[in-house]
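Data from coords_3.tsv: TSV, C-alpha atoms
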```tsv
chain	number	residue	atom	x	y	z
A	1	MET	CA	92.68	83.93	101.89
A	2	THR	CA	94.35	87.33	101.60
A	3	ARG	CA	98.02	87.13	102.59
A	4	LEU	CA	98.88	89.67	105.28
A	5	LEU	CA	102.19	91.13	106.48
A	6	ILE	CA	102.10	92.88	109.87
A	7	SER	CA	104.63	95.63	110.56
A	8	GLY	CA	105.07	96.25	114.27
A	9	ALA	CA	103.94	92.69	114.77
A	10	CYS	CA	105.22	92.34	118.35
A	11	GLY	CA	103.51	95.44	119.71
A	12	ARG	CA	100.12	95.51	121.37
A	13	MET	CA	98.25	96.46	118.20
A	14	GLY	CA	100.24	94.12	115.96
A	15	ARG	CA	99.34	91.21	118.22
A	16	LEU	CA	95.67	92.16	118.13
A	17	VAL	CA	95.74	92.30	114.33
A	18	ALA	CA	97.32	88.83	114.24
A	19	GLN	CA	94.75	87.54	116.73
A	20	GLU	CA	91.79	88.71	114.63
A	21	ALA	CA	93.21	88.20	111.13
A	22	LYS	CA	91.96	84.68	110.36
A	23	ALA	CA	88.38	85.45	111.36
A	24	GLN	CA	88.45	88.40	108.96
A	25	GLY	CA	89.66	86.33	106.00
A	26	PHE	CA	93.43	86.86	106.24
A	27	GLU	CA	96.42	84.54	106.46
A	28	VAL	CA	99.31	86.15	108.32
A	29	VAL	CA	102.38	85.16	106.30
A	30	CYS	CA	104.85	86.98	108.57
A	31	GLY	CA	105.53	89.93	110.80
A	32	VAL	CA	108.29	92.53	110.87
A	33	ASP	CA	109.44	93.97	114.18
A	34	PRO	CA	112.86	94.86	115.64
A	35	ALA	CA	111.96	92.67	118.63
A	36	GLY	CA	111.84	89.67	116.31
A	37	SER	CA	109.85	87.60	118.79
A	38	GLN	CA	107.82	84.74	117.31
A	39	TYR	CA	104.63	84.35	119.35
A	40	ALA	CA	102.33	82.63	116.84
A	41	ASP	CA	102.50	80.24	113.88
A	42	PHE	CA	104.12	82.77	111.55
A	43	PRO	CA	107.73	84.03	111.37
A	44	VAL	CA	108.72	87.47	112.62
A	45	PHE	CA	111.66	89.21	110.90
A	46	THR	CA	113.67	92.00	112.50
A	47	ASP	CA	113.70	94.12	109.31
A	48	PHE	CA	112.37	94.34	105.75
A	49	SER	CA	114.89	92.00	104.13
A	50	ASP	CA	114.60	90.03	100.89
A	51	GLU	CA	113.75	86.99	103.02
A	52	VAL	CA	110.33	88.40	103.89
A	53	PRO	CA	107.75	86.32	101.98
A	54	GLU	CA	105.27	87.69	99.47
A	55	ALA	CA	102.02	89.18	100.75
A	56	ASP	CA	98.92	90.81	99.30
A	57	VAL	CA	98.68	93.67	101.79
A	58	LEU	CA	100.63	95.18	104.71
A	59	ILE	CA	99.24	96.61	107.95
A	60	ASP	CA	101.59	98.85	109.93
A	61	PHE	CA	101.21	99.65	113.62
A	62	SER	CA	104.85	100.53	114.29
A	63	ALA	CA	106.29	104.06	114.56
A	64	PRO	CA	107.32	106.93	112.26
A	65	ALA	CA	110.97	105.86	112.54
A	66	ALA	CA	110.10	102.65	110.69
A	67	LEU	CA	108.40	104.42	107.77
A	68	GLU	CA	111.32	104.81	105.34
A	69	PRO	CA	112.45	101.14	105.21
A	70	LEU	CA	108.80	100.06	105.13
A	71	LEU	CA	108.02	102.25	102.11
A	72	ARG	CA	111.20	101.23	100.25
A	73	PHE	CA	110.23	97.58	100.71
A	74	ALA	CA	106.59	98.13	99.73
A	75	GLN	CA	107.46	100.21	96.67
A	76	ALA	CA	109.80	97.53	95.39
A	77	ARG	CA	106.98	94.97	95.64
A	78	ARG	CA	104.05	97.31	94.78
A	79	LEU	CA	102.55	96.14	98.07
A	80	PRO	CA	99.34	97.85	99.28
A	81	CYS	CA	99.88	99.41	102.72
A	82	VAL	CA	97.52	100.35	105.55
A	83	LEU	CA	99.50	102.82	107.69
A	84	CYS	CA	98.09	103.17	111.21
A	85	ALA	CA	101.04	104.65	113.10
A	86	THR	CA	100.64	108.05	114.74
A	87	GLY	CA	103.10	110.90	115.10
A	88	TYR	CA	103.85	111.50	111.41
A	89	GLY	CA	105.26	114.93	110.61
A	90	PRO	CA	105.07	116.86	107.32
A	91	GLU	CA	108.19	115.11	105.98
A	92	HIS	CA	106.66	111.70	106.65
A	93	MET	CA	103.42	112.65	104.91
A	94	ALA	CA	105.36	113.94	101.90
A	95	ARG	CA	107.17	110.61	101.68
A	96	ILE	CA	103.88	108.71	101.95
A	97	ARG	CA	102.33	110.77	99.15
A	98	GLY	CA	105.34	110.04	96.96
A	99	ALA	CA	105.14	106.31	97.62
A	100	ALA	CA	101.43	106.29	96.81
A	101	ASP	CA	102.28	107.04	93.18
A	102	ALA	CA	103.51	103.44	92.90
A	103	MET	CA	101.02	101.55	95.08
A	104	PRO	CA	97.78	101.95	97.03
A	105	VAL	CA	98.29	103.41	100.52
A	106	LEU	CA	95.60	104.01	103.12
A	107	GLN	CA	96.84	106.25	105.92
A	108	SER	CA	94.84	107.12	109.01
A	109	ALA	CA	95.81	107.96	112.59
A	110	ASN	CA	92.59	106.32	113.80
A	111	MET	CA	90.95	103.27	112.25
A	112	SER	CA	87.67	103.58	114.18
A	113	ARG	CA	84.38	104.04	112.31
A	114	GLY	CA	83.10	105.94	115.32
A	115	VAL	CA	85.92	108.47	115.09
A	116	TYR	CA	85.14	108.91	111.39
A	117	ALA	CA	81.57	109.81	112.43
A	118	LEU	CA	82.90	112.14	115.15
A	119	ARG	CA	84.94	114.09	112.58
A	120	LYS	CA	81.91	114.49	110.32
A	121	LEU	CA	79.66	115.57	113.19
A	122	ALA	CA	82.26	118.05	114.48
A	123	ALA	CA	82.55	119.65	111.03
A	124	LEU	CA	78.76	119.95	110.82
A	125	ALA	CA	78.55	121.44	114.33
A	126	ARG	CA	81.16	124.04	113.36
A	127	GLU	CA	78.86	125.18	110.53
A	128	LEU	CA	75.73	125.17	112.70
A	129	LEU	CA	77.29	126.97	115.68
A	130	PRO	CA	79.12	130.05	114.35
A	131	GLY	CA	80.77	132.10	117.06
A	132	PHE	CA	81.06	129.21	119.54
A	133	ASP	CA	84.44	128.62	121.16
A	134	ILE	CA	85.89	125.19	120.33
A	135	GLU	CA	88.09	123.05	122.57
A	136	ILE	CA	89.44	119.55	121.84
A	137	VAL	CA	90.45	117.16	124.64
A	138	GLU	CA	92.03	113.75	124.08
A	139	LYS	CA	92.89	111.07	126.64
A	140	HIS	CA	95.14	108.04	126.22
A	141	HIS	CA	97.03	105.42	128.22
A	142	ASN	CA	100.32	106.25	129.88
A	143	LEU	CA	102.38	104.38	127.24
A	144	LYS	CA	101.39	106.57	124.30
A	145	ALA	CA	104.48	108.37	123.02
A	146	ASP	CA	103.09	111.22	120.88
A	147	SER	CA	100.97	114.15	121.98
A	148	PRO	CA	98.50	115.45	120.98
A	149	SER	CA	97.13	112.37	119.28
A	150	GLY	CA	96.86	112.08	115.53
A	151	THR	CA	93.09	111.93	115.98
A	152	ALA	CA	93.13	115.26	117.85
A	153	TYR	CA	94.91	116.81	114.87
A	154	ALA	CA	92.33	115.26	112.51
A	155	LEU	CA	89.53	116.75	114.62
A	156	LEU	CA	91.30	120.11	114.55
A	157	ASP	CA	91.41	119.90	110.75
A	158	ALA	CA	87.66	119.16	110.74
A	159	VAL	CA	86.71	122.31	112.67
A	160	LYS	CA	89.35	124.90	111.79
A	161	ASN	CA	89.17	127.64	109.19
A	162	GLU	CA	91.72	130.00	107.61
A	163	GLY	CA	91.87	132.24	110.67
A	164	THR	CA	92.18	129.48	113.28
A	165	ALA	CA	94.96	129.80	115.86
A	166	PRO	CA	95.52	126.41	117.55
A	167	VAL	CA	96.57	126.59	121.21
A	168	PHE	CA	98.16	123.42	122.60
A	169	GLY	CA	97.43	123.58	126.31
A	170	ARG	CA	97.38	126.74	128.40
A	171	LYS	CA	99.64	127.87	131.22
A	172	GLY	CA	100.20	131.09	133.11
A	173	ASN	CA	98.61	134.47	132.54
A	174	THR	CA	97.36	133.84	129.00
A	175	GLY	CA	94.88	136.70	128.97
A	176	LYS	CA	91.44	136.72	127.42
A	177	ARG	CA	90.67	133.87	125.07
A	178	ALA	CA	90.84	135.02	121.45
A	179	ALA	CA	87.87	134.17	119.27
A	180	GLU	CA	90.03	132.44	116.67
A	181	GLU	CA	91.64	130.07	119.17
A	182	ILE	CA	90.94	126.35	119.22
A	183	GLY	CA	92.39	124.69	122.30
A	184	VAL	CA	93.88	121.20	122.02
A	185	HIS	CA	94.61	119.37	125.28
A	186	ALA	CA	96.14	115.96	126.05
A	187	VAL	CA	95.66	113.70	129.08
A	188	ARG	CA	97.85	110.63	129.71
A	189	GLY	CA	97.15	108.00	132.34
A	190	GLY	CA	96.38	104.41	133.16
A	191	THR	CA	95.06	102.14	130.44
A	192	VAL	CA	92.69	104.49	128.62
A	193	ALA	CA	92.29	103.10	125.10
A	194	GLY	CA	91.37	106.48	123.67
A	195	GLU	CA	88.83	109.24	124.33
A	196	HIS	CA	88.24	112.32	122.20
A	197	GLU	CA	85.95	115.24	122.92
A	198	VAL	CA	85.09	118.28	120.83
A	199	GLY	CA	83.33	120.95	122.88
A	200	PHE	CA	81.43	123.93	121.44
A	201	TYR	CA	81.02	126.65	124.05
A	202	GLY	CA	78.46	129.40	123.44
A	203	ARG	CA	76.66	131.92	125.60
A	204	HIS	CA	74.84	129.95	128.31
A	205	GLU	CA	74.98	126.66	126.36
A	206	VAL	CA	77.49	123.94	125.57
A	207	VAL	CA	77.43	121.18	122.96
A	208	THR	CA	79.86	118.29	123.47
A	209	LEU	CA	80.67	115.52	121.00
A	210	THR	CA	82.53	112.54	122.46
A	211	HIS	CA	83.96	109.24	121.27
A	212	SER	CA	85.24	106.66	123.73
A	213	ALA	CA	87.20	103.62	122.60
A	214	GLN	CA	86.34	100.83	125.05
A	215	SER	CA	89.01	98.50	123.67
A	216	PRO	CA	92.00	98.81	121.30
A	217	LEU	CA	90.40	95.91	119.44
A	218	ILE	CA	88.34	98.40	117.44
A	219	PHE	CA	91.51	99.76	115.84
A	220	ALA	CA	92.74	96.29	114.86
A	221	LEU	CA	89.37	95.40	113.31
A	222	GLY	CA	89.28	98.75	111.53
A	223	ALA	CA	92.75	98.15	110.08
A	224	LEU	CA	91.72	94.70	108.83
A	225	SER	CA	88.60	96.17	107.21
A	226	ALA	CA	90.80	98.79	105.55
A	227	ALA	CA	93.22	96.11	104.31
A	228	ALA	CA	90.36	94.13	102.77
A	229	TRP	CA	89.09	97.29	101.07
A	230	LEU	CA	92.54	98.37	99.84
A	231	ALA	CA	93.79	95.08	98.40
A	232	GLY	CA	93.47	95.13	94.63
A	233	ARG	CA	92.96	98.89	94.29
A	234	GLY	CA	95.08	101.10	92.07
A	235	PRO	CA	97.94	103.33	93.24
A	236	GLY	CA	96.99	106.38	95.24
A	237	LEU	CA	96.71	107.80	98.74
A	238	TYR	CA	93.46	106.87	100.46
A	239	GLY	CA	91.95	107.68	103.84
A	240	MET	CA	89.06	106.59	106.02
A	241	ASP	CA	86.75	108.91	104.07
A	242	ASP	CA	87.48	106.95	100.89
A	243	MET	CA	86.76	103.62	102.56
A	244	MET	CA	83.61	104.75	104.37
A	245	GLU	CA	82.16	106.73	101.47
A	246	GLY	CA	83.50	104.82	98.48
```

Reformat the file's structure so that it appears as structure tokens.
Amino acid sequence: MTRLLISGACGRMGRLVAQEAKAQGFEVVCGVDPAGSQYADFPVFTDFSDEVPEADVLIDFSAPAALEPLLRFAQARRLPCVLCATGYGPEHMARIRGAADAMPVLQSANMSRGVYALRKLAALARELLPGFDIEIVEKHHNLKADSPSGTAYALLDAVKNEGTAPVFGRKGNTGKRAAEEIGVHAVRGGTVAGEHEVGFYGRHEVVTLTHSAQSPLIFALGALSAAAWLAGRGPGLYGMDDMMEG
């Protein structure tokens, strides 16, 4: 079986990855989490120390603050990494690209195959509907820390062009909507696993593309699929497009 290390092992997503790992052909050798709470038959370490056992691949569902020690550890061991955390800024992405020179890294803010399809469909709709106004709305549970979601940014990338002017929410007397605007809006509440909508608004017609995550389990299963695909590949930075189309 493929030996798996889970970063962010004590969080909701880390626990789901651990729960599903064996059925997907993985042996969880350990977890790393500042909470350090052992809840299954594998040890959980509070940091990336030399005591952490060898693994074949790492799945990370922690937070951007954990990225630097994670990458130092993984680079030293040439350990393939599936990075699923959201909220990365430009400096984080630059660090990830640098680390990928030494090992394979798959980074995606959303591990869902359905969201991959949504991005592709949104890009196609942008081409087929020139002149339509575009608005992106994302909804998540009330515990999500970053806003807008990483997936909302990925959808924005799929539909924007050189002249796009993103608008993150609207308030007050904003005046007439400019043609180059793309609105991005975030909703937080309850236990919503994740909903994303890309709306194309034309004259007397509207086209709406929507993805609804009915359980966070889809993200854990997507991460495990990515880990199986990544293990054994050469150094480089990969994404969901590489896995789905490769």

Residue with smallest distance to Leu79 of chain A - pool A:Asn110, A:Leu230, A:Ser149, A:Ala179, counting all atoms listed in the file: A:Leu230

Two-atom distance - atom CA of Pro148 of chain A, atom CA of Ala123 of chain A (Å):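 Straight-line distance from atom CA of Pro148 of chain A to atom CA of Ala123 of chain A works out to 19.3 Å.
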
Nearest to Tyr153 of chain A, chosen from A:Pro104, A:Lys176, A:Leu217, A:Gly87, with all atoms listed in the file counted in the distances: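 Selected residue with least distance to Tyr153 of chain A: A:Gly87.
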
Residues near segment 54-68 of chain A, cut-off 9 Å, all atoms listed in the file, skip fewer than 2 positions along chain, as a ChimeraX atom specification: /A:2-9,11-14,17,28-30,33,52,70-74,77,79-89,92,95-96,223-224,227-228,230-232

Shell of 7 Å around Val137 of chain A, all atoms listed in the file, local chain residues under 3 positions omitted, as a ChimeraX atom specification: /A:184-186,196-198

One-decimal distance in Å that lies between atom CA of Ala99 of chain A and atom CA of Gln75 of chain A: 6.6 Å

Exercise: residues within 7 Å of coordinate (96.2, 108.4, 108.1), counting all atoms listed in the file, as a VMD selection string: chain A and resid 83 to 84 106 to 109 239

Which of A:Val44, A:Ala76, A:Leu237, A:Leu143 sits closest to Asp101 of chain A [using all atoms listed in the file]: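 Closest to Asp101 of chain A of all the choices is A:Leu237.
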
Pick from A:Glu27, A:Asp47, A:Glu181, A:Asp157, whichever lies nearest to Ile134 of chain A using only C-alpha atoms: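 Answer, going by the shortest atom-to-atom distance: A:Glu181.
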
Answer as a ChimeraX atom specification, residues within 10 Å of (81.5, 117.0, 118.0) using all atoms listed in the file: /A:117-126,134,136,155,158-159,196-200,207-211
